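K.L.:
What follows is work-v7.cif; its format and atoms are mmCIF, C-alpha atoms.
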data_protein
#
loop_
_atom_site.group_PDB
_atom_site.id
_atom_site.type_symbol
_atom_site.label_atom_id
_atom_site.label_comp_id
_atom_site.auth_asym_id
_atom_site.auth_seq_id
_atom_site.Cartn_x
_atom_site.Cartn_y
_atom_site.Cartn_z
ATOM 1 C CA MET A 1246 0.000 0.000 0.000
ATOM 2 C CA ALA A 1247 1.140 3.537 -0.740
ATOM 3 C CA THR A 1248 2.418 5.433 2.267
ATOM 4 C CA ALA A 1249 1.103 8.866 3.180
ATOM 5 C CA PRO A 1250 3.238 11.685 1.764
ATOM 6 C CA LYS A 1251 5.745 13.351 4.054
ATOM 7 C CA THR A 1252 4.790 16.964 4.672
ATOM 8 C CA VAL A 1253 7.544 19.497 4.096
ATOM 9 C CA SER A 1254 8.387 23.065 5.010
ATOM 10 C CA LEU A 1255 10.665 24.055 2.133
ATOM 11 C CA VAL A 1256 13.239 26.828 2.532
ATOM 12 C CA LEU A 1257 14.710 28.159 -0.721
ATOM 13 C CA GLY A 1258 17.880 30.223 -0.439
ATOM 14 C CA SER A 1259 19.389 33.103 -2.407
ATOM 15 C CA GLY A 1260 21.971 32.843 -5.160
ATOM 16 C CA GLY A 1261 20.938 34.447 -8.450
ATOM 17 C CA ALA A 1262 20.627 32.150 -11.466
ATOM 18 C CA ARG A 1263 21.772 29.178 -9.383
ATOM 19 C CA GLY A 1264 18.344 29.416 -7.799
ATOM 20 C CA LEU A 1265 16.818 27.838 -10.887
ATOM 21 C CA ALA A 1266 18.017 24.655 -9.204
ATOM 22 C CA HIS A 1267 15.091 25.163 -6.807
ATOM 23 C CA ILE A 1268 12.780 24.070 -9.619
ATOM 24 C CA GLY A 1269 14.634 20.768 -9.824
ATOM 25 C CA VAL A 1270 14.398 20.327 -6.052
ATOM 26 C CA ILE A 1271 10.633 20.831 -6.145
ATOM 27 C CA LYS A 1272 10.198 18.462 -9.077
ATOM 28 C CA TRP A 1273 12.097 15.699 -7.264
ATOM 29 C CA LEU A 1274 10.046 16.156 -4.091
ATOM 30 C CA GLU A 1275 6.771 16.016 -5.997
ATOM 31 C CA GLU A 1276 7.848 12.832 -7.785
ATOM 32 C CA HIS A 1277 8.873 11.046 -4.580
ATOM 33 C CA ASN A 1278 5.898 11.374 -2.226
ATOM 34 C CA TYR A 1279 6.833 14.610 -0.456
ATOM 35 C CA GLN A 1280 4.098 17.204 -0.011
ATOM 36 C CA ILE A 1281 5.217 20.818 0.275
ATOM 37 C CA LYS A 1282 2.967 22.441 2.886
ATOM 38 C CA SER A 1283 4.763 25.748 3.381
ATOM 39 C CA LEU A 1284 7.415 27.801 1.627
ATOM 40 C CA VAL A 1285 9.994 30.315 2.793
ATOM 41 C CA GLY A 1286 12.101 32.003 0.137
ATOM 42 C CA CYS A 1287 14.891 34.521 -0.060
ATOM 43 C CA SER A 1288 15.819 36.404 -3.244
ATOM 44 C CA ILE A 1289 15.545 33.950 -6.175
ATOM 45 C CA GLY A 1290 14.080 31.497 -3.660
ATOM 46 C CA SER A 1291 11.208 33.913 -3.016
ATOM 47 C CA LEU A 1292 10.451 33.960 -6.735
ATOM 48 C CA ILE A 1293 10.529 30.206 -7.291
ATOM 49 C CA GLY A 1294 8.665 29.547 -4.032
ATOM 50 C CA GLY A 1295 6.020 32.172 -4.682
ATOM 51 C CA VAL A 1296 5.312 30.965 -8.189
ATOM 52 C CA TYR A 1297 5.095 27.362 -6.971
ATOM 53 C CA ALA A 1298 2.671 28.401 -4.218
ATOM 54 C CA ALA A 1299 0.579 30.081 -6.913
ATOM 55 C CA GLY A 1300 0.438 26.806 -8.869
ATOM 56 C CA LYS A 1301 2.297 28.279 -11.833
ATOM 57 C CA LEU A 1302 5.726 26.640 -11.671
ATOM 58 C CA PRO A 1303 5.379 24.791 -15.034
ATOM 59 C CA GLU A 1304 4.699 28.111 -16.775
ATOM 60 C CA LEU A 1305 7.729 29.716 -15.124
ATOM 61 C CA GLU A 1306 9.950 26.754 -15.972
ATOM 62 C CA LYS A 1307 8.934 26.826 -19.629
ATOM 63 C CA TRP A 1308 9.608 30.564 -19.849
ATOM 64 C CA MET A 1309 12.930 30.377 -18.009
ATOM 65 C CA CYS A 1310 14.146 27.554 -20.234
ATOM 66 C CA SER A 1311 13.374 29.637 -23.332
ATOM 67 C CA LEU A 1312 15.436 32.671 -22.252
ATOM 68 C CA THR A 1313 18.503 33.726 -24.216
ATOM 69 C CA LYS A 1314 21.154 36.210 -23.148
ATOM 70 C CA THR A 1315 19.516 38.747 -25.467
ATOM 71 C CA ASP A 1316 16.143 38.220 -23.772
ATOM 72 C CA ILE A 1317 17.799 38.813 -20.401
ATOM 73 C CA PHE A 1318 19.379 42.046 -21.549
ATOM 74 C CA MET A 1319 16.095 43.301 -22.993
ATOM 75 C CA MET A 1320 14.547 43.056 -19.522
ATOM 76 C CA MET A 1321 17.321 45.156 -17.980
ATOM 77 C CA ASP A 1322 15.611 48.542 -17.611
ATOM 78 C CA LEU A 1323 18.730 50.471 -16.666
ATOM 79 C CA SER A 1324 18.325 53.111 -13.991
ATOM 80 C CA TRP A 1325 20.132 56.307 -13.063
ATOM 81 C CA GLU A 1326 19.013 55.988 -9.483
ATOM 82 C CA LYS A 1327 21.837 55.700 -6.990
ATOM 83 C CA GLY A 1328 20.474 52.484 -5.529
ATOM 84 C CA GLY A 1329 21.213 50.157 -8.447
ATOM 85 C CA PHE A 1330 21.782 49.595 -12.170
ATOM 86 C CA ILE A 1331 18.342 48.143 -12.893
ATOM 87 C CA LYS A 1332 14.839 49.245 -11.893
ATOM 88 C CA GLY A 1333 13.376 45.753 -12.255
ATOM 89 C CA ASP A 1334 9.984 46.886 -13.577
ATOM 90 C CA LYS A 1335 10.321 45.026 -16.883
ATOM 91 C CA VAL A 1336 11.041 41.637 -15.371
ATOM 92 C CA ILE A 1337 8.295 41.999 -12.750
ATOM 93 C CA ASP A 1338 5.788 43.060 -15.430
ATOM 94 C CA GLN A 1339 6.806 40.065 -17.530
ATOM 95 C CA LEU A 1340 6.310 37.744 -14.578
ATOM 96 C CA LYS A 1341 2.923 39.270 -13.778
ATOM 97 C CA SER A 1342 1.799 38.703 -17.372
ATOM 98 C CA LEU A 1343 2.926 35.090 -17.083
ATOM 99 C CA ILE A 1344 1.725 34.282 -13.560
ATOM 100 C CA GLY A 1345 -0.912 36.902 -12.809
ATOM 101 C CA ASP A 1346 -0.995 39.714 -10.245
ATOM 102 C CA ILE A 1347 -1.666 37.570 -7.182
ATOM 103 C CA ASP A 1348 -2.108 38.360 -3.501
ATOM 104 C CA ILE A 1349 -0.278 36.183 -0.983
ATOM 105 C CA SER A 1350 -3.557 35.480 0.802
ATOM 106 C CA SER A 1351 -4.804 33.621 -2.284
ATOM 107 C CA LEU A 1352 -1.819 31.259 -2.577
ATOM 108 C CA ASN A 1353 -2.347 27.514 -2.317
ATOM 109 C CA ILE A 1354 0.060 27.137 0.626
ATOM 110 C CA PRO A 1355 1.537 29.458 3.285
ATOM 111 C CA TYR A 1356 4.388 31.561 1.919
ATOM 112 C CA THR A 1357 6.981 33.933 3.359
ATOM 113 C CA ALA A 1358 9.464 36.066 1.433
ATOM 114 C CA VAL A 1359 12.492 37.357 3.312
ATOM 115 C CA ALA A 1360 13.942 40.801 2.573
ATOM 116 C CA ALA A 1361 16.309 43.059 4.499
ATOM 117 C CA ASP A 1362 15.779 46.495 6.041
ATOM 118 C CA ILE A 1363 19.371 47.624 5.801
ATOM 119 C CA LYS A 1364 18.735 50.799 7.799
ATOM 120 C CA SER A 1365 17.649 48.876 10.885
ATOM 121 C CA GLU A 1366 19.820 45.859 9.975
ATOM 122 C CA LYS A 1367 16.850 43.524 10.402
ATOM 123 C CA GLU A 1368 15.201 40.801 8.378
ATOM 124 C CA VAL A 1369 11.698 41.515 7.140
ATOM 125 C CA TRP A 1370 9.351 38.542 6.745
ATOM 126 C CA ILE A 1371 6.657 39.286 4.170
ATOM 127 C CA ASN A 1372 3.642 36.983 4.272
ATOM 128 C CA SER A 1373 0.810 39.268 3.171
ATOM 129 C CA GLY A 1374 0.038 41.706 0.369
ATOM 130 C CA PRO A 1375 0.793 41.487 -3.363
ATOM 131 C CA LEU A 1376 3.024 38.516 -4.195
ATOM 132 C CA PHE A 1377 5.234 40.389 -6.622
ATOM 133 C CA ASP A 1378 5.808 43.251 -4.165
ATOM 134 C CA ALA A 1379 7.204 40.655 -1.764
ATOM 135 C CA ILE A 1380 9.333 39.090 -4.496
ATOM 136 C CA ARG A 1381 10.604 42.420 -5.802
ATOM 137 C CA ALA A 1382 11.686 43.432 -2.293
ATOM 138 C CA SER A 1383 13.421 40.117 -1.671
ATOM 139 C CA ILE A 1384 15.400 40.118 -4.965
ATOM 140 C CA SER A 1385 16.781 43.675 -4.670
ATOM 141 C CA LEU A 1386 20.424 42.682 -4.963
ATOM 142 C CA PRO A 1387 22.629 45.650 -3.966
ATOM 143 C CA LEU A 1388 24.288 47.507 -6.874
ATOM 144 C CA LEU A 1389 22.244 45.515 -9.401
ATOM 145 C CA LEU A 1390 18.574 46.192 -8.535
ATOM 146 C CA THR A 1391 17.272 49.346 -6.926
ATOM 147 C CA PRO A 1392 15.807 48.974 -3.402
ATOM 148 C CA PHE A 1393 12.049 48.460 -3.180
ATOM 149 C CA GLU A 1394 9.879 50.500 -0.858
ATOM 150 C CA LEU A 1395 7.227 48.520 0.983
ATOM 151 C CA ASN A 1396 5.152 49.888 3.864
ATOM 152 C CA ASN A 1397 7.329 53.022 3.945
ATOM 153 C CA THR A 1398 10.505 50.962 4.354
ATOM 154 C CA LYS A 1399 13.209 50.563 1.729
ATOM 155 C CA LEU A 1400 14.068 46.889 1.394
ATOM 156 C CA ILE A 1401 16.896 45.032 -0.286
ATOM 157 C CA ASP A 1402 17.815 41.416 -1.009
ATOM 158 C CA GLY A 1403 17.172 39.210 2.013
ATOM 159 C CA GLY A 1404 20.385 37.314 1.319
ATOM 160 C CA ILE A 1405 22.345 40.211 2.770
ATOM 161 C CA LEU A 1406 21.302 39.126 6.256
ATOM 162 C CA ASN A 1407 20.016 35.572 5.816
ATOM 163 C CA PRO A 1408 20.696 33.614 2.606
ATOM 164 C CA VAL A 1409 18.945 30.481 3.959
ATOM 165 C CA PRO A 1410 16.048 31.764 6.117
ATOM 166 C CA ILE A 1411 15.055 28.674 8.090
ATOM 167 C CA ALA A 1412 13.667 30.376 11.205
ATOM 168 C CA PRO A 1413 10.271 31.329 9.677
ATOM 169 C CA ALA A 1414 9.567 27.621 9.118
ATOM 170 C CA PHE A 1415 10.174 26.548 12.708
ATOM 171 C CA SER A 1416 6.570 27.146 13.739
ATOM 172 C CA ASP A 1417 5.168 25.016 10.889
ATOM 173 C CA ASN A 1418 3.344 21.818 11.744
ATOM 174 C CA THR A 1419 5.051 19.622 9.142
ATOM 175 C CA ASP A 1420 7.033 16.388 9.218
ATOM 176 C CA MET A 1421 10.303 18.033 8.226
ATOM 177 C CA ILE A 1422 12.125 21.171 7.188
ATOM 178 C CA ILE A 1423 14.163 20.916 4.000
ATOM 179 C CA ALA A 1424 16.496 23.820 3.210
ATOM 180 C CA VAL A 1425 18.341 24.563 -0.033
ATOM 181 C CA ASN A 1426 21.623 26.454 0.236
ATOM 182 C CA LEU A 1427 22.999 27.823 -3.038
ATOM 183 C CA GLY A 1428 26.257 28.877 -1.399
ATOM 184 C CA GLY A 1429 27.836 25.472 -0.939
ATOM 185 C CA GLU A 1430 31.498 24.630 -1.295
ATOM 186 C CA PRO A 1431 32.755 25.386 -4.808
ATOM 187 C CA VAL A 1432 33.516 22.471 -7.065
ATOM 188 C CA PRO A 1433 37.156 22.081 -8.195
ATOM 189 C CA ALA A 1434 38.323 24.360 -10.983
ATOM 190 C CA SER A 1435 38.895 21.385 -13.286
ATOM 191 C CA GLN A 1436 35.151 20.714 -13.197
ATOM 192 C CA THR A 1437 34.121 24.298 -13.863
ATOM 193 C CA GLU A 1438 36.598 25.512 -16.478
ATOM 194 C CA GLN A 1439 33.961 25.351 -19.202
ATOM 195 C CA GLN A 1440 31.412 27.063 -16.924
ATOM 196 C CA ILE A 1441 33.881 29.837 -16.031
ATOM 197 C CA ASN A 1442 34.572 30.523 -19.700
ATOM 198 C CA HIS A 1443 30.817 30.634 -20.285
ATOM 199 C CA THR A 1444 30.393 33.038 -17.356
ATOM 200 C CA ASN A 1445 33.117 35.377 -18.581
ATOM 201 C CA GLU A 1446 31.541 35.457 -22.046
ATOM 202 C CA LYS A 1447 28.180 36.471 -20.591
ATOM 203 C CA THR A 1448 29.743 38.995 -18.214
ATOM 204 C CA HIS A 1449 31.448 40.785 -21.083
ATOM 205 C CA PHE A 1450 28.184 40.745 -23.028
ATOM 206 C CA PHE A 1451 26.441 42.641 -20.210
ATOM 207 C CA GLN A 1452 29.425 44.943 -19.789
ATOM 208 C CA ASP A 1453 29.381 45.877 -23.485
ATOM 209 C CA LYS A 1454 25.663 46.630 -23.409
ATOM 210 C CA ILE A 1455 25.866 48.713 -20.245
ATOM 211 C CA ASP A 1456 28.873 50.597 -21.612
ATOM 212 C CA ALA A 1457 26.942 51.373 -24.810
ATOM 213 C CA PHE A 1458 24.012 52.684 -22.778
ATOM 214 C CA ILE A 1459 26.254 54.943 -20.688
ATOM 215 C CA GLU A 1460 28.027 56.197 -23.799
ATOM 216 C CA LYS A 1461 24.744 57.106 -25.441
ATOM 217 C CA MET A 1462 23.297 58.872 -22.399
ATOM 218 C CA LYS A 1463 26.424 60.730 -21.340
ATOM 219 C CA LYS A 1464 27.614 61.301 -24.910
ATOM 220 C CA LYS A 1465 31.174 60.426 -24.139
ATOM 221 C CA ALA A 1466 33.377 57.487 -24.846
ATOM 222 C CA VAL A 1467 33.651 54.701 -22.356
ATOM 223 C CA THR A 1468 36.933 52.922 -22.904
ATOM 224 C CA LYS A 1469 37.117 50.403 -20.101
ATOM 225 C CA GLU A 1470 39.527 47.557 -20.577
ATOM 226 C CA LYS A 1471 38.020 44.160 -19.923
ATOM 227 C CA LYS A 1472 40.169 43.785 -16.863
ATOM 228 C CA GLU A 1473 38.445 46.819 -15.316
ATOM 229 C CA TRP A 1474 35.111 45.014 -15.566
ATOM 230 C CA ASP A 1475 36.661 42.395 -13.336
ATOM 231 C CA MET A 1476 35.484 44.660 -10.506
ATOM 232 C CA TYR A 1477 32.040 43.176 -11.175
ATOM 233 C CA PHE A 1478 33.502 39.678 -11.060
ATOM 234 C CA ILE A 1479 35.276 40.422 -7.774
ATOM 235 C CA ALA A 1480 32.159 41.973 -6.224
ATOM 236 C CA ASP A 1481 30.070 39.002 -7.358
ATOM 237 C CA LYS A 1482 32.480 36.478 -5.876
ATOM 238 C CA ALA A 1483 32.877 38.501 -2.672
ATOM 239 C CA PHE A 1484 29.096 38.585 -2.264
ATOM 240 C CA ASP A 1485 28.925 34.823 -2.798
ATOM 241 C CA ALA A 1486 31.639 34.244 -0.196
ATOM 242 C CA MET A 1487 29.875 36.515 2.290
ATOM 243 C CA GLN A 1488 26.543 34.771 1.772
ATOM 244 C CA SER A 1489 28.156 31.355 2.095
ATOM 245 C CA THR A 1490 29.672 32.295 5.457
ATOM 246 C CA ILE A 1491 26.389 33.710 6.760
ATOM 247 C CA ALA A 1492 24.513 30.658 5.499
ATOM 248 C CA ARG A 1493 26.760 28.304 7.468
ATOM 249 C CA LEU A 1494 26.105 30.288 10.633
ATOM 250 C CA LYS A 1495 22.344 30.369 10.064
ATOM 251 C CA VAL A 1496 22.164 26.654 9.309
ATOM 252 C CA ALA A 1497 24.138 25.914 12.477
ATOM 253 C CA ALA A 1498 21.790 28.102 14.523
ATOM 254 C CA TYR A 1499 18.580 26.770 12.938
ATOM 255 C CA PRO A 1500 19.414 23.291 11.614
ATOM 256 C CA PRO A 1501 16.893 21.868 9.141
ATOM 257 C CA ASP A 1502 16.084 18.178 8.983
ATOM 258 C CA TYR A 1503 17.682 17.992 5.552
ATOM 259 C CA LEU A 1504 20.075 20.402 3.859
ATOM 260 C CA ILE A 1505 20.572 20.371 0.091
ATOM 261 C CA GLU A 1506 23.626 22.330 -1.043
ATOM 262 C CA LEU A 1507 24.623 23.532 -4.504
ATOM 263 C CA PRO A 1508 28.190 24.741 -5.232
ATOM 264 C CA ARG A 1509 28.406 28.514 -5.243
ATOM 265 C CA ASN A 1510 30.496 28.500 -8.440
ATOM 266 C CA LEU A 1511 27.966 26.426 -10.367
ATOM 267 C CA CYS A 1512 27.066 29.418 -12.560
ATOM 268 C CA GLY A 1513 27.172 33.213 -12.567
ATOM 269 C CA THR A 1514 24.562 35.396 -10.872
ATOM 270 C CA LEU A 1515 22.978 36.539 -14.143
ATOM 271 C CA GLU A 1516 23.263 33.348 -16.196
ATOM 272 C CA PHE A 1517 19.529 32.739 -16.387
ATOM 273 C CA ASP A 1518 19.966 31.348 -19.906
ATOM 274 C CA ARG A 1519 21.352 28.169 -18.268
ATOM 275 C CA ALA A 1520 18.004 27.272 -16.721
ATOM 276 C CA ARG A 1521 17.737 23.653 -17.852
ATOM 277 C CA GLU A 1522 21.244 22.892 -16.603
ATOM 278 C CA MET A 1523 20.550 24.416 -13.171
ATOM 279 C CA ILE A 1524 17.202 22.620 -12.858
ATOM 280 C CA ASN A 1525 18.960 19.324 -13.506
ATOM 281 C CA HIS A 1526 21.594 20.139 -10.865
ATOM 282 C CA GLY A 1527 18.855 20.769 -8.310
ATOM 283 C CA TYR A 1528 17.106 17.512 -9.139
ATOM 284 C CA GLU A 1529 20.300 15.475 -8.870
ATOM 285 C CA ALA A 1530 21.426 17.173 -5.647
ATOM 286 C CA THR A 1531 18.078 16.387 -4.016
ATOM 287 C CA SER A 1532 18.225 12.740 -5.083
ATOM 288 C CA LYS A 1533 21.513 12.367 -3.208
ATOM 289 C CA ILE A 1534 20.193 13.800 0.089
ATOM 290 C CA LEU A 1535 16.554 12.778 0.510
ATOM 291 C CA PRO A 1536 15.377 9.216 1.142
ATOM 292 C CA ILE A 1537 12.933 7.834 -1.394
ATOM 293 C CA GLU A 1538 9.530 7.514 0.253
#
Translate this structure into C-alpha cells?
P.N.:
Amino acid sequence: MATAPKTVSLVLGSGGARGLAHIGVIKWLEEHNYQIKSLVGCSIGSLIGGVYAAGKLPELEKWMCSLTKTDIFMMMDLSWEKGGFIKGDKVIDQLKSLIGDIDISSLNIPYTAVAADIKSEKEVWINSGPLFDAIRASISLPLLLTPFELNNTKLIDGGILNPVPIAPAFSDNTDMIIAVNLGGEPVPASQTEQQINHTNEKTHFFQDKIDAFIEKMKKKAVTKEKKEWDMYFIADKAFDAMQSTIARLKVAAYPPDYLIELPRNLCGTLEFDRAREMINHGYEATSKILPIE
C-alpha cells in the first residue's frame, strides 16, 4: 500500500541564477511522495517559491528555459538611481503577465518572502500583500537592482542578512524542514573551467551593453579595458563568499532536517539562460540527500 506523503516546510535560499536549481528540487520532491505544505524564500528562492505556491511553476519553468542572453538584456531597464543599475519593472511586469498579479492570501500554501531592512539591519518577513511586491523586495540585490519601498521601508535582497532563512519555518506543523543552500562549497576548478569561460563570455556581453548605454546617455566614450570590468567579477564572488559564510552560521543556529547544497560557483549570478542545466543540478542534488519515500 502507498504510504502517506511526508509533509515538508521548504526553505529556498538566495543565489541568483543558481536558484533555478530550486525548480529541480521541487520536481524531485513532488515525484517522490513529499508534499510541500509551506514555503519560505529569499531572493531567487522567493520567486521560485512564490510561483510554486501560486500553482504556476510549469509556466515559469517553460519561460525560463526559453530565455537567451539577449532576452535577459532586454529586460534590464537600466536606472540612473543611486540604488542600483536596474529598476526591475520590466522583469516583474513580464512575470505578472505570465503568472498573474496575485495576492499572498490567495496562494495555495503558506508563503513567506524574506527581505532586508538595511537601515535597521533587520530581516523583514513578508507573508501578506501582493506577491510580486514581496518578491521584488526580496530580490533587490545591492548595486544591481534598486531597493524596493514597501510599507514606507526601503528593502533590499534578504540574502544580505540571511541567505537560507530557516527560522520562519520553525513554527510550521510539518514532518520536516528541507532547506536549499545555493552557497555550498565550490567544485574544483577542473570541473568548472567550461562554466567559467561561459560566465566570462556572458559577463562581457552585459558589460558591453551597459557601456553602450552609458556612452549614449552621457555622450562620451567609455573605454574600459576588460580587466576593469573584473570589478564586477570580484564583487560578485565577494558577495557569494559573504553569503556562504552567513549561510553556514544560520544553518548551524537553525538546523533543518535535511540540507541540500549547490556549489556557489555552479554558474554566474545573471546566467539565467542556463536554466535547464541548473534545474537538472537541483534535481540530482536532491536525489543524493533525501530518502525515497
K.L.:
Do you have the CA of Thr1531 (chain A)-CA of Leu1504 (chain A) distance handy?
P.N.:
9.1 Å
K.L.:
List the spatial neighbours of Thr1313 (chain A) as a PyMOL selection string - criterion: any atom at most 10 Å away, all atoms listed in the file, same-chain residues fewer than 4 positions off excluded.
P.N.:
chain A and resi 1309+1317-1319+1516-1520
K.L.:
My list of candidates is A:Lys1282, A:His1277, A:Lys1314, A:Arg1263. Which is closest to Asn1418 (chain A) when distances are computed with only C-alpha atoms?
P.N.:
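Counting only C-alpha atoms, the residue closest to Asn1418 (chain A) is A:Lys1282.
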K.L.:
State, in Å with one decimal place, the distance from CA of Gly1258 (chain A) to CA of Pro1408 (chain A).
P.N.:
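Interatomic distance here is 5.4 Å.
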K.L.:
Please indicate the distance in Å from CA of Ile1423 (chain A) to CA of Ile1363 (chain A), rounded to one decimal place.
P.N.:
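We find that CA of Ile1423 (chain A) and CA of Ile1363 (chain A) lie 27.3 Å from each other.
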K.L.:
Set the distance at 12 Å and use only C-alpha atoms: which residues neighbour Leu1302 (chain A) once local chain neighbours fewer than 2 positions away are removed? I'd like the list as an mmCIF file with C-alpha atoms, in the frame of the given file.
P.N.:
data_model
loop_
_atom_site.group_PDB
_atom_site.id
_atom_site.type_symbol
_atom_site.label_atom_id
_atom_site.label_comp_id
_atom_site.auth_asym_id
_atom_site.auth_seq_id
_atom_site.Cartn_x
_atom_site.Cartn_y
_atom_site.Cartn_z
ATOM 1 C CA LEU A 1265 16.818 27.838 -10.887
ATOM 2 C CA HIS A 1267 15.091 25.163 -6.807
ATOM 3 C CA ILE A 1268 12.780 24.070 -9.619
ATOM 4 C CA GLY A 1269 14.634 20.768 -9.824
ATOM 5 C CA ILE A 1271 10.633 20.831 -6.145
ATOM 6 C CA LYS A 1272 10.198 18.462 -9.077
ATOM 7 C CA LEU A 1292 10.451 33.960 -6.735
ATOM 8 C CA ILE A 1293 10.529 30.206 -7.291
ATOM 9 C CA GLY A 1294 8.665 29.547 -4.032
ATOM 10 C CA GLY A 1295 6.020 32.172 -4.682
ATOM 11 C CA VAL A 1296 5.312 30.965 -8.189
ATOM 12 C CA TYR A 1297 5.095 27.362 -6.971
ATOM 13 C CA ALA A 1298 2.671 28.401 -4.218
ATOM 14 C CA ALA A 1299 0.579 30.081 -6.913
ATOM 15 C CA GLY A 1300 0.438 26.806 -8.869
ATOM 16 C CA GLU A 1304 4.699 28.111 -16.775
ATOM 17 C CA LEU A 1305 7.729 29.716 -15.124
ATOM 18 C CA GLU A 1306 9.950 26.754 -15.972
ATOM 19 C CA LYS A 1307 8.934 26.826 -19.629
ATOM 20 C CA TRP A 1308 9.608 30.564 -19.849
ATOM 21 C CA MET A 1309 12.930 30.377 -18.009
ATOM 22 C CA LEU A 1340 6.310 37.744 -14.578
ATOM 23 C CA LEU A 1343 2.926 35.090 -17.083
ATOM 24 C CA ILE A 1344 1.725 34.282 -13.560
#
K.L.:
Check what the PyMOL selection byres ((chain A and resi 1533-1535) around 8) selects in the file above and give those residues as a list in words.
P.N.:
Tyr1503, Leu1504, Ile1505, Glu1529, Ala1530, Thr1531, Ser1532, Pro1536 and Ile1537 of chain A
K.L.:
For Asp1502 (chain A), work out the shell of residues within 9 Å, counting all atoms listed in the file and skipping chain neighbours fewer than 4 positions away, then give it as JSON, numbers by chain.
P.N.:
{"A": [1421, 1422, 1423, 1424]}
K.L.:
Could you give me, as a list in words, the residues within 7 Å of Asp1420 (chain A), counting only C-alpha atoms and dropping anything in the same chain fewer than 3 positions from it?
P.N.:
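Answer for this query is Lys1251, Thr1252 and Val1253 of chain A.
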K.L.:
Selected by the PyMOL selection byres ((chain A and resi 1426-1434) around 8) in the shown coordinates: which residues, as a list of chain:residue names?
P.N.:
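For this structure, the PyMOL selection byres ((chain A and resi 1426-1434) around 8) captures A:Leu1257, A:Gly1258, A:Ser1259, A:Gly1260, A:Arg1263, A:Gly1264, A:Pro1408, A:Val1409, A:Ala1424, A:Val1425, A:Ser1435, A:Gln1436, A:Thr1437, A:Glu1438, A:Asp1485, A:Ala1486, A:Gln1488, A:Ser1489, A:Ala1492, A:Leu1504, A:Ile1505, A:Glu1506, A:Leu1507, A:Pro1508, A:Arg1509, A:Asn1510, A:Leu1511.
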K.L.:
Using the chain letters and numbers from the file, which residues does the PyMOL selection byres ((chain A and resi 1349-1357) around 6) grab, as a list in words?
P.N.:
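This file, filtered by the PyMOL selection byres ((chain A and resi 1349-1357) around 6), leaves Lys1282, Ser1283, Leu1284, Val1285, Ala1298, Ala1299, Asp1348, Ala1358, Ile1371, Asn1372, Ser1373, Gly1374, Pro1375 and Leu1376 of chain A.
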